[in-house]
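To be precise, the following lines are target_18.pdb, and they hold PDB, C-alpha atoms.
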MODEL        1
ATOM      1  CA  MET A   1     -18.331-136.602 -17.786
ATOM      2  CA  LYS A   2     -19.532-133.083 -17.154
ATOM      3  CA  LYS A   3     -15.951-131.961 -16.808
ATOM      4  CA  LEU A   4     -15.039-133.572 -20.109
ATOM      5  CA  ILE A   5     -17.908-131.884 -21.930
ATOM      6  CA  SER A   6     -17.099-128.499 -20.476
ATOM      7  CA  LEU A   7     -13.443-129.008 -21.413
ATOM      8  CA  MET A   8     -14.433-129.810 -25.006
ATOM      9  CA  LEU A   9     -16.676-126.760 -25.125
ATOM     10  CA  LEU A  10     -13.841-124.652 -23.796
ATOM     11  CA  MET A  11     -11.530-125.978 -26.509
ATOM     12  CA  CYS A  12     -14.062-124.998 -29.160
ATOM     13  CA  PHE A  13     -13.973-121.424 -27.976
ATOM     14  CA  SER A  14     -10.213-121.245 -27.608
ATOM     15  CA  MET A  15      -9.511-121.891 -31.293
ATOM     16  CA  PRO A  16     -10.035-118.336 -32.558
ATOM     17  CA  VAL A  17      -7.549-117.086 -29.977
ATOM     18  CA  ILE A  18      -4.830-119.416 -31.259
ATOM     19  CA  ALA A  19      -5.521-118.469 -34.855
ATOM     20  CA  ALA A  20      -5.376-114.731 -34.188
ATOM     21  CA  ILE A  21      -2.769-112.748 -36.128
ATOM     22  CA  GLU A  22      -0.794-109.704 -35.093
ATOM     23  CA  ALA A  23      -2.762-107.005 -33.329
ATOM     24  CA  TYR A  24      -2.222-103.623 -34.919
ATOM     25  CA  GLU A  25      -3.371-100.270 -33.629
ATOM     26  CA  PHE A  26      -5.023 -98.203 -36.344
ATOM     27  CA  LYS A  27      -5.360 -94.459 -36.482
ATOM     28  CA  ASN A  28      -9.049 -94.764 -37.366
ATOM     29  CA  ASP A  29     -11.717 -97.281 -38.301
ATOM     30  CA  GLU A  30     -11.417 -96.550 -42.013
ATOM     31  CA  ALA A  31      -7.746 -97.480 -42.014
ATOM     32  CA  GLU A  32      -8.555-100.693 -40.198
ATOM     33  CA  ALA A  33     -11.299-101.581 -42.662
ATOM     34  CA  GLU A  34      -8.966-100.832 -45.556
ATOM     35  CA  TYR A  35      -6.229-102.992 -44.060
ATOM     36  CA  LYS A  36      -8.624-105.870 -43.519
ATOM     37  CA  ALA A  37      -9.989-105.611 -47.060
ATOM     38  CA  LEU A  38      -6.465-105.541 -48.483
ATOM     39  CA  ILE A  39      -5.069-108.539 -46.637
ATOM     40  CA  ASP A  40      -8.226-110.385 -47.564
ATOM     41  CA  GLU A  41      -7.716-109.681 -51.249
ATOM     42  CA  LEU A  42      -3.949-110.085 -51.518
ATOM     43  CA  ARG A  43      -2.653-113.555 -52.079
ATOM     44  CA  CYS A  44       0.153-115.187 -50.155
ATOM     45  CA  LEU A  45       2.993-116.208 -52.476
ATOM     46  CA  VAL A  46       4.338-119.006 -50.352
ATOM     47  CA  CYS A  47       1.126-120.868 -49.590
ATOM     48  CA  GLN A  48      -0.638-120.079 -52.789
ATOM     49  CA  ASN A  49      -4.166-120.984 -51.885
ATOM     50  CA  GLN A  50      -4.351-118.614 -48.961
ATOM     51  CA  ASN A  51      -4.689-114.883 -48.744
ATOM     52  CA  LEU A  52      -2.437-112.736 -46.581
ATOM     53  CA  ALA A  53      -5.028-112.709 -43.811
ATOM     54  CA  ASP A  54      -5.148-116.504 -43.519
ATOM     55  CA  SER A  55      -1.516-117.328 -44.038
ATOM     56  CA  ASP A  56       0.896-117.987 -41.235
ATOM     57  CA  ALA A  57       3.946-117.869 -43.521
ATOM     58  CA  ASP A  58       6.790-115.562 -42.624
ATOM     59  CA  LEU A  59       6.490-113.639 -45.871
ATOM     60  CA  ALA A  60       2.755-113.155 -45.327
ATOM     61  CA  LYS A  61       3.573-111.665 -41.930
ATOM     62  CA  ASP A  62       6.042-109.263 -43.537
ATOM     63  CA  LEU A  63       3.577-108.277 -46.232
ATOM     64  CA  ARG A  64       0.844-107.708 -43.639
ATOM     65  CA  LYS A  65       3.267-105.441 -41.805
ATOM     66  CA  GLN A  66       4.059-103.626 -45.044
ATOM     67  CA  THR A  67       0.344-103.231 -45.788
ATOM     68  CA  TYR A  68      -0.284-101.963 -42.260
ATOM     69  CA  GLU A  69       2.501 -99.396 -42.522
ATOM     70  CA  MET A  70       1.317 -98.144 -45.886
ATOM     71  CA  VAL A  71      -2.279 -97.838 -44.677
ATOM     72  CA  GLN A  72      -1.082 -95.967 -41.583
ATOM     73  CA  GLN A  73       0.851 -93.597 -43.820
ATOM     74  CA  GLY A  74      -2.433 -92.753 -45.486
ATOM     75  CA  LYS A  75      -1.737 -94.634 -48.718
ATOM     76  CA  ASN A  76      -4.948 -95.580 -50.464
ATOM     77  CA  ARG A  77      -6.021 -99.014 -51.632
ATOM     78  CA  GLN A  78      -4.798 -98.498 -55.172
ATOM     79  CA  GLU A  79      -1.324 -97.467 -54.008
ATOM     80  CA  VAL A  80      -0.910-100.540 -51.817
ATOM     81  CA  ILE A  81      -2.083-102.845 -54.601
ATOM     82  CA  GLU A  82       0.255-101.150 -57.063
ATOM     83  CA  TYR A  83       3.155-101.562 -54.649
ATOM     84  CA  MET A  84       2.508-105.303 -54.373
ATOM     85  CA  VAL A  85       1.892-105.844 -58.091
ATOM     86  CA  ASN A  86       5.128-104.012 -58.969
ATOM     87  CA  ARG A  87       7.033-106.503 -56.874
ATOM     88  CA  TYR A  88       5.158-109.768 -57.180
ATOM     89  CA  GLY A  89       3.103-109.321 -60.350
ATOM     90  CA  ASP A  90      -0.610-109.873 -60.894
ATOM     91  CA  PHE A  91      -0.176-113.112 -59.042
ATOM     92  CA  VAL A  92      -0.715-111.389 -55.683
ATOM     93  CA  LEU A  93      -4.223-110.428 -56.701
ATOM     94  CA  TYR A  94      -7.042-112.854 -56.147
ATOM     95  CA  LYS A  95      -8.978-110.802 -58.677
ATOM     96  CA  PRO A  96      -6.717-110.470 -61.730
ATOM     97  CA  PRO A  97      -7.070-107.368 -63.945
ATOM     98  CA  VAL A  98      -8.606-107.661 -67.409
ATOM     99  CA  LYS A  99      -5.708-107.773 -69.878
ATOM    100  CA  SER A 100      -5.000-109.552 -73.147
ATOM    101  CA  SER A 101      -3.270-112.343 -71.215
ATOM    102  CA  THR A 102      -6.212-112.800 -68.843
ATOM    103  CA  LEU A 103      -8.941-112.387 -71.441
ATOM    104  CA  LEU A 104      -9.559-116.127 -71.670
ATOM    105  CA  LEU A 105      -9.904-116.262 -67.897
ATOM    106  CA  TRP A 106     -12.519-113.531 -67.812
ATOM    107  CA  ALA A 107     -14.404-114.285 -71.027
ATOM    108  CA  GLY A 108     -13.960-118.087 -70.996
ATOM    109  CA  PRO A 109     -16.974-118.987 -68.815
ATOM    110  CA  PHE A 110     -19.269-116.718 -70.835
ATOM    111  CA  VAL A 111     -18.006-118.146 -74.128
ATOM    112  CA  LEU A 112     -18.650-121.656 -72.781
ATOM    113  CA  LEU A 113     -22.138-120.631 -71.671
ATOM    114  CA  LEU A 114     -22.824-119.217 -75.115
ATOM    115  CA  ILE A 115     -21.685-122.434 -76.789
ATOM    116  CA  VAL A 116     -23.885-124.524 -74.484
ATOM    117  CA  LEU A 117     -26.879-122.258 -75.135
ATOM    118  CA  LEU A 118     -26.291-122.528 -78.872
ATOM    119  CA  VAL A 119     -26.137-126.312 -78.700
ATOM    120  CA  VAL A 120     -29.335-126.420 -76.642
ATOM    121  CA  VAL A 121     -31.181-124.127 -79.056
ATOM    122  CA  ILE A 122     -30.095-126.183 -82.076
ATOM    123  CA  ARG A 123     -31.085-129.435 -80.358
ATOM    124  CA  VAL A 124     -34.497-128.139 -79.338
ATOM    125  CA  LYS A 125     -35.150-126.872 -82.856
ATOM    126  CA  LYS A 126     -34.193-130.230 -84.312
ATOM    127  CA  THR A 127     -36.496-132.186 -82.001
ATOM    128  CA  ARG A 128     -39.298-129.752 -82.771
ATOM    129  CA  ALA A 129     -38.796-130.303 -86.482
ATOM    130  CA  VAL A 130     -39.021-134.038 -85.865
ATOM    131  CA  ASP A 131     -41.967-133.643 -83.501
ATOM    132  CA  ALA A 132     -44.068-131.478 -85.808
ATOM    133  CA  PRO A 133     -45.214-134.198 -88.253
ATOM    134  CA  GLN A 134     -45.759-136.517 -85.334
ATOM    135  CA  GLN A 135     -48.143-134.007 -83.835
ATOM    136  CA  GLU A 136     -50.005-133.974 -87.124
ATOM    137  CA  ASN A 137     -50.108-137.741 -87.180
ATOM    138  CA  LEU A 138     -51.350-137.778 -83.634
ATOM    139  CA  GLN A 139     -54.181-135.384 -84.472
ATOM    140  CA  GLN A 140     -55.054-137.497 -87.462
ATOM    141  CA  ALA A 141     -55.076-140.659 -85.371
ATOM    142  CA  LYS A 142     -57.218-139.002 -82.721
ATOM    143  CA  GLY A 143     -59.635-137.902 -85.412
ATOM    144  CA  LEU A 144     -59.840-141.392 -86.823
ATOM    145  CA  LEU A 145     -60.370-142.889 -83.392
ATOM    146  CA  SER A 146     -63.164-140.512 -82.516
ATOM    147  CA  ASP A 147     -64.759-141.118 -85.941
ATOM    148  CA  GLU A 148     -64.683-144.807 -85.236
ATOM    149  CA  ALA A 149     -66.202-144.276 -81.810
ATOM    150  CA  ASP A 150     -68.951-142.159 -83.400
ATOM    151  CA  ASN A 151     -69.585-144.822 -85.958
ATOM    152  CA  ARG A 152     -69.781-147.417 -83.241
ATOM    153  CA  GLY A 153     -72.207-145.297 -81.315
ATOM    154  CA  GLY A 154     -74.237-144.823 -84.474
ATOM    155  CA  SER A 155     -74.455-148.499 -85.198
ATOM    156  CA  LYS A 156     -75.772-149.250 -81.750
TER     157      LYS A 156
ATOM    158  CA  MET B 157     -20.130-141.545 -85.403
ATOM    159  CA  ARG B 158     -22.052-140.817 -82.165
ATOM    160  CA  PHE B 159     -18.901-141.268 -80.115
ATOM    161  CA  LEU B 160     -16.866-138.826 -82.140
ATOM    162  CA  LEU B 161     -17.954-135.700 -80.311
ATOM    163  CA  PRO B 162     -17.487-136.998 -76.729
ATOM    164  CA  LEU B 163     -14.200-138.583 -77.770
ATOM    165  CA  GLY B 164     -13.045-135.302 -79.298
ATOM    166  CA  VAL B 165     -13.976-133.399 -76.137
ATOM    167  CA  PHE B 166     -12.200-135.994 -74.020
ATOM    168  CA  VAL B 167      -9.003-135.852 -76.088
ATOM    169  CA  LEU B 168      -9.045-132.043 -75.929
ATOM    170  CA  LEU B 169      -9.428-132.181 -72.163
ATOM    171  CA  VAL B 170      -6.575-134.667 -71.828
ATOM    172  CA  ILE B 171      -4.309-132.406 -73.898
ATOM    173  CA  LEU B 172      -5.239-129.370 -71.779
ATOM    174  CA  LEU B 173      -4.637-131.232 -68.527
ATOM    175  CA  ALA B 174      -1.345-132.644 -69.827
ATOM    176  CA  ILE B 175      -0.121-129.127 -70.587
ATOM    177  CA  GLY B 176      -1.272-128.082 -67.116
ATOM    178  CA  LEU B 177       0.819-130.838 -65.552
ATOM    179  CA  THR B 178       4.026-129.595 -67.158
ATOM    180  CA  MET B 179       3.568-126.138 -65.653
ATOM    181  CA  ASP B 180       4.821-125.233 -62.212
ATOM    182  CA  PRO B 181       2.323-123.068 -60.308
ATOM    183  CA  LYS B 182       5.050-122.191 -57.806
ATOM    184  CA  LYS B 183       6.900-120.216 -60.476
ATOM    185  CA  VAL B 184       5.475-116.757 -60.341
ATOM    186  CA  PRO B 185       6.662-114.698 -63.313
ATOM    187  CA  SER B 186       8.675-111.750 -62.042
ATOM    188  CA  PRO B 187       7.406-108.315 -63.032
ATOM    189  CA  LEU B 188      10.975-107.153 -62.373
ATOM    190  CA  ILE B 189      12.446-108.467 -65.624
ATOM    191  CA  GLY B 190      13.435-105.508 -67.796
ATOM    192  CA  LYS B 191      13.057-103.054 -64.923
ATOM    193  CA  VAL B 192      15.706-101.160 -62.978
ATOM    194  CA  ALA B 193      17.223-103.201 -60.174
ATOM    195  CA  PRO B 194      15.457-102.118 -56.944
ATOM    196  CA  ALA B 195      17.653 -99.903 -54.803
ATOM    197  CA  PHE B 196      18.917-100.783 -51.347
ATOM    198  CA  ASP B 197      21.777 -99.711 -49.178
ATOM    199  CA  LEU B 198      22.741-102.558 -46.914
ATOM    200  CA  PRO B 199      25.722-103.333 -44.670
ATOM    201  CA  LEU B 200      28.208-105.983 -45.764
ATOM    202  CA  LEU B 201      28.077-109.260 -43.879
ATOM    203  CA  HIS B 202      31.807-109.287 -43.277
ATOM    204  CA  ASN B 203      32.259-105.591 -42.625
ATOM    205  CA  GLU B 204      29.114-103.992 -41.315
ATOM    206  CA  SER B 205      30.590-100.492 -41.396
ATOM    207  CA  LEU B 206      30.568-100.610 -45.211
ATOM    208  CA  THR B 207      27.422-100.677 -47.325
ATOM    209  CA  PHE B 208      26.556-101.729 -50.857
ATOM    210  CA  SER B 209      23.853-100.465 -53.171
ATOM    211  CA  PRO B 210      23.082-101.820 -56.666
ATOM    212  CA  ASP B 211      23.918 -98.583 -58.498
ATOM    213  CA  LYS B 212      27.592 -99.102 -57.516
ATOM    214  CA  TYR B 213      27.641-101.941 -60.073
ATOM    215  CA  LYS B 214      26.217 -99.873 -62.915
ATOM    216  CA  GLY B 215      28.136-100.616 -66.098
ATOM    217  CA  GLN B 216      28.895-104.216 -65.229
ATOM    218  CA  VAL B 217      27.051-107.505 -65.257
ATOM    219  CA  TRP B 218      26.450-108.972 -61.809
ATOM    220  CA  VAL B 219      24.480-111.642 -60.044
ATOM    221  CA  LEU B 220      22.362-111.256 -56.925
ATOM    222  CA  SER B 221      21.914-114.501 -55.065
ATOM    223  CA  VAL B 222      19.427-114.599 -52.182
ATOM    224  CA  TRP B 223      20.400-117.047 -49.458
ATOM    225  CA  ALA B 224      20.024-117.733 -45.752
ATOM    226  CA  SER B 225      21.582-120.094 -43.250
ATOM    227  CA  TRP B 226      18.129-121.437 -42.328
ATOM    228  CA  CYS B 227      17.364-122.312 -45.935
ATOM    229  CA  VAL B 228      17.882-126.002 -46.589
ATOM    230  CA  SER B 229      17.815-125.876 -50.388
ATOM    231  CA  CYS B 230      20.508-123.150 -50.261
ATOM    232  CA  ARG B 231      22.896-125.888 -49.155
ATOM    233  CA  ALA B 232      22.077-127.906 -52.244
ATOM    234  CA  GLU B 233      22.539-124.814 -54.371
ATOM    235  CA  HIS B 234      25.784-123.801 -52.690
ATOM    236  CA  LYS B 235      28.052-126.037 -54.784
ATOM    237  CA  VAL B 236      26.413-124.805 -58.002
ATOM    238  CA  ILE B 237      26.927-121.161 -57.015
ATOM    239  CA  THR B 238      30.529-122.067 -56.193
ATOM    240  CA  LYS B 239      30.905-123.431 -59.732
ATOM    241  CA  LEU B 240      29.526-120.195 -61.128
ATOM    242  CA  ALA B 241      31.951-118.208 -58.975
ATOM    243  CA  ASP B 242      34.868-120.339 -60.205
ATOM    244  CA  MET B 243      34.019-119.414 -63.805
ATOM    245  CA  GLU B 244      34.740-115.791 -62.876
ATOM    246  CA  LEU B 245      32.185-114.456 -65.332
ATOM    247  CA  ALA B 246      30.621-111.887 -63.051
ATOM    248  CA  ASP B 247      30.589-110.729 -59.438
ATOM    249  CA  ILE B 248      28.098-112.572 -57.271
ATOM    250  CA  VAL B 249      26.524-110.574 -54.473
ATOM    251  CA  GLY B 250      24.860-112.607 -51.759
ATOM    252  CA  LEU B 251      21.730-111.219 -50.134
ATOM    253  CA  ASN B 252      21.638-112.751 -46.671
ATOM    254  CA  TYR B 253      17.851-112.757 -46.336
ATOM    255  CA  LYS B 254      16.108-112.655 -42.943
ATOM    256  CA  ASP B 255      19.015-114.241 -41.185
ATOM    257  CA  GLN B 256      21.101-113.587 -38.091
ATOM    258  CA  PRO B 257      24.405-112.134 -39.366
ATOM    259  CA  GLN B 258      26.467-114.404 -37.097
ATOM    260  CA  ASP B 259      24.536-117.464 -38.395
ATOM    261  CA  GLY B 260      25.170-116.317 -41.952
ATOM    262  CA  ARG B 261      28.882-115.881 -41.330
ATOM    263  CA  ARG B 262      29.108-119.287 -39.677
ATOM    264  CA  TRP B 263      27.282-120.872 -42.637
ATOM    265  CA  LEU B 264      29.793-119.394 -45.091
ATOM    266  CA  GLN B 265      32.678-120.520 -42.899
ATOM    267  CA  GLN B 266      31.323-124.049 -42.813
ATOM    268  CA  PHE B 267      30.513-124.474 -46.514
ATOM    269  CA  GLY B 268      32.850-121.947 -48.130
ATOM    270  CA  ASP B 269      32.115-118.474 -49.437
ATOM    271  CA  PRO B 270      31.458-118.280 -53.200
ATOM    272  CA  TYR B 271      30.206-114.684 -52.980
ATOM    273  CA  THR B 272      32.209-111.625 -53.922
ATOM    274  CA  PHE B 273      30.562-110.293 -50.772
ATOM    275  CA  SER B 274      27.211-110.634 -49.026
ATOM    276  CA  VAL B 275      24.911-107.947 -47.675
ATOM    277  CA  ILE B 276      22.628-108.191 -44.648
ATOM    278  CA  ASP B 277      18.875-107.943 -45.223
ATOM    279  CA  GLN B 278      17.800-108.892 -41.750
ATOM    280  CA  ASP B 279      14.250-107.529 -41.843
ATOM    281  CA  GLY B 280      13.644-108.719 -45.411
ATOM    282  CA  ARG B 281      12.782-105.231 -46.661
ATOM    283  CA  ALA B 282      15.120-105.449 -49.678
ATOM    284  CA  GLY B 283      13.736-108.926 -50.272
ATOM    285  CA  ILE B 284      10.220-107.489 -50.593
ATOM    286  CA  ASP B 285      11.470-104.842 -53.035
ATOM    287  CA  TRP B 286      13.060-107.558 -55.156
ATOM    288  CA  GLY B 287       9.886-109.645 -55.028
ATOM    289  CA  VAL B 288      11.604-112.468 -53.170
ATOM    290  CA  TYR B 289       9.104-115.027 -51.908
ATOM    291  CA  GLY B 290      11.160-118.167 -51.659
ATOM    292  CA  VAL B 291      14.825-118.604 -50.896
ATOM    293  CA  PRO B 292      17.073-119.230 -52.800
ATOM    294  CA  GLU B 293      16.473-116.895 -55.699
ATOM    295  CA  THR B 294      18.987-115.710 -58.267
ATOM    296  CA  PHE B 295      18.932-112.548 -60.364
ATOM    297  CA  VAL B 296      21.176-111.489 -63.255
ATOM    298  CA  ILE B 297      21.565-107.729 -63.686
ATOM    299  CA  GLY B 298      22.887-106.208 -66.904
ATOM    300  CA  LYS B 299      25.319-103.355 -67.553
ATOM    301  CA  ASP B 300      22.376-100.981 -67.945
ATOM    302  CA  GLY B 301      21.302-101.736 -64.380
ATOM    303  CA  LEU B 302      18.201-103.619 -65.520
ATOM    304  CA  VAL B 303      17.177-106.980 -64.124
ATOM    305  CA  LYS B 304      17.522-109.472 -66.994
ATOM    306  CA  TYR B 305      16.802-112.818 -65.464
ATOM    307  CA  LYS B 306      15.379-114.401 -62.356
ATOM    308  CA  HIS B 307      15.692-117.963 -61.194
ATOM    309  CA  ILE B 308      13.356-119.125 -58.437
ATOM    310  CA  GLY B 309      14.475-121.955 -56.215
ATOM    311  CA  PRO B 310      17.905-123.585 -56.150
ATOM    312  CA  VAL B 311      20.021-123.218 -59.299
ATOM    313  CA  THR B 312      20.868-126.725 -60.475
ATOM    314  CA  ASP B 313      23.756-127.851 -62.691
ATOM    315  CA  ASN B 314      21.320-127.990 -65.612
ATOM    316  CA  SER B 315      19.806-124.554 -65.090
ATOM    317  CA  LEU B 316      23.287-123.118 -64.553
ATOM    318  CA  ARG B 317      24.502-124.554 -67.861
ATOM    319  CA  ASP B 318      21.353-123.924 -69.905
ATOM    320  CA  GLU B 319      20.110-120.622 -68.501
ATOM    321  CA  VAL B 320      22.266-118.674 -66.055
ATOM    322  CA  VAL B 321      25.650-118.936 -67.799
ATOM    323  CA  PRO B 322      24.298-118.274 -71.343
ATOM    324  CA  MET B 323      22.359-115.309 -69.940
ATOM    325  CA  ILE B 324      25.464-113.799 -68.300
ATOM    326  CA  LYS B 325      27.580-114.431 -71.417
ATOM    327  CA  SER B 326      25.013-112.747 -73.645
ATOM    328  CA  LEU B 327      25.188-109.629 -71.480
ATOM    329  CA  LEU B 328      28.976-109.337 -71.233
TER     330      LEU B 328
ENDMDL
END

Any chance you could give the structure as structure tokens?
Amino acid sequence: MKKLISLMLLMCFSMPVIAAIEAYEFKNDEAEAEYKALIDELRCLVCQNQNLADSDADLAKDLRKQTYEMVQQGKNRQEVIEYMVNRYGDFVLYKPPVKSSTLLLWAGPFVLLLIVLLVVVIRVKKTRAVDAPQQENLQQAKGLLSDEADNRGGSK
Amino acid sequence: MRFLLPLGVFVLLVILLAIGLTMDPKKVPSPLIGKVAPAFDLPLLHNESLTFSPDKYKGQVWVLSVWASWCVSCRAEHKVITKLADMELADIVGLNYKDQPQDGRRWLQQFGDPYTFSVIDQDGRAGIDWGVYGVPETFVIGKDGLVKYKHIGPVTDNSLRDEVVPMIKSLL
């Protein structure tokens, strides 16, 4: 039993090793950080819901290599992104640029929020308008009730 | 009257989702359309001492067809490409993508060679420049050296008849 448990524990720890991707040597820490940020942000074209860092596809491997080489050559973030967009389009970006064709994507949620807020405001105003006379009635009723109570007290 | 608004919202949603269903998320629009065909200088599959680069075809309409011996849907596409070659509308250059040259040659021997010639892109570098992400892919390049059309995935009889051939004819 103990052996089984320790084996299972061992398997838990071995997973990250299996999932590891190519090991690259970087000229400095900045380049490495840049590379990691880039492959995290660039999308794999073959398995579309993964980024380059997560994907095990052949093309993702090639594009990681390309990214690595460009970073090593001292190309900055913008240059690498431009290189990819020129070849694969905005699709490779997980964060699409603001353009006329992506306006709905960027502004859509805020427009929806605005519409919902508007609806809520209108609704609340309407219920208030309905509530207002009721409040008056309530006050009136309370007044009458307390009058009656006073009268009762008086008659006693 | 109370149901009108939810019903309206529901119908709108159904229409939106229906439109979404007809779209293919795998088809990534190519930013290459209307741009100069990316340069490469690659050895020919059948004579590795010679090379081909796209600017050699400037002034004529040609087709670049990306294929590989390991690509299963290329086999399905092969007979359609052969049909296109038989029409003799334009030269078809095969880009043997990330393949072993001897495997590529054997594949052509087995199924027949519809290509005017094929070039070897063993490391896939030219493929990256052309924005290739799935094999097969087919490009039509105009006389001005600009990429005019891209087909992702195997060309079928229908897409050959309705898209590729009309596109080539309009450029001739």

**Item:** Distance query region 58-74 of chain A at most 7 Å, all atoms listed in the file, self and fewer than 2 positions along chain excluded, as a VMD selection string
**Value:** (chain A and resid 26 to 27 31 35 39 44 52 55 to 56 76 80) or (chain B and resid 289)

**Asked** Ser315 (chain B): which residues within 12 Å, counting all atoms listed in the file, same-chain residues fewer than 4 positions away excluded, as a PyMOL selection string?
**Response** chain B and resi 233+236-237+240+294+306-311+319-323

Hey, which bits of chain A sit within 6 Å of chain B, and for each residue what's the closest pair of atoms and how far apart in Å (one decimal), counting only C-alpha atoms, rows by chain and increasing number, as CSV?
residue,atom,partner,partner_atom,distance
A:Arg87,CA,B:Gly287,CA,4.6
A:Tyr88,CA,B:Gly287,CA,5.2
A:Gly89,CA,B:Pro187,CA,5.2

Residues within 6 Å of region 93-106 of chain A, only C-alpha atoms, excluding chain neighbours under 2 positions, as a CSV table (one decimal) with C-alpha atoms, in the coordinates of the input:
chain,number,residue,atom,x,y,z
A,41,GLU,CA,-7.7,-109.7,-51.2
A,42,LEU,CA,-3.9,-110.1,-51.5
A,43,ARG,CA,-2.7,-113.6,-52.1
A,90,ASP,CA,-0.6,-109.9,-60.9
A,91,PHE,CA,-0.2,-113.1,-59.0
A,108,GLY,CA,-14.0,-118.1,-71.0

**Asked** Expanded to explicit residues, what is the PyMOL selection byres ((chain B and resi 234) around 10) for this file, as a PyMOL selection string?
**Response** chain B and resi 223+229-233+235-240+264+267-270+292+310-312

**Asked** Between B:Ile248, B:Leu177, B:Ser274, B:Ser221, which is the closest to Asn203 (chain B) once you count only C-alpha atoms?
**Response** B:Ser274

**Asked** Of the candidates B:Met157, B:Ala193, B:Leu169, B:Leu302, which one gets nearest to Pro210 (chain B) if we count only C-alpha atoms?
**Response** B:Ala193

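Closest approach to Val92 (chain A) from the set A:Gln134, A:Gln140, A:Asn151, A:Gln50 is made by A:Gln50, with distances taken over all atoms listed in the file.
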
**Message:** For this structure, which residues satisfy the selection - the PyMOL selection byres ((chain B and resi 218) around 12) - when it is evaluated on the file as given? I want them as a PyMOL selection string.
**Reply:** chain B and resi 193+210-217+219-221+240-241+244-250+271-273+294-305+320-321+323-325+327-328

Where is the centre and how long are the edges: axis-aligned box on region 100-118 of chain A, 5 Å on each side, Å to one decimal, as lines of an AutoDock Vina configuration file:
center_x = -15.1
center_y = -117.0
center_z = -73.3
size_x = 33.6
size_y = 25.0
size_z = 21.1

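Separating CA of Glu82 (chain A) from CA of Ala37 (chain A) is a distance of 15.0 Å.
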
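One distance worth recording is that between CA of Leu161 (chain B) and CA of Met179 (chain B), which is 27.7 Å.
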
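Our summary of the geometry notes that CA of Leu198 (chain B) is positioned 14.8 Å from CA of Gly260 (chain B).
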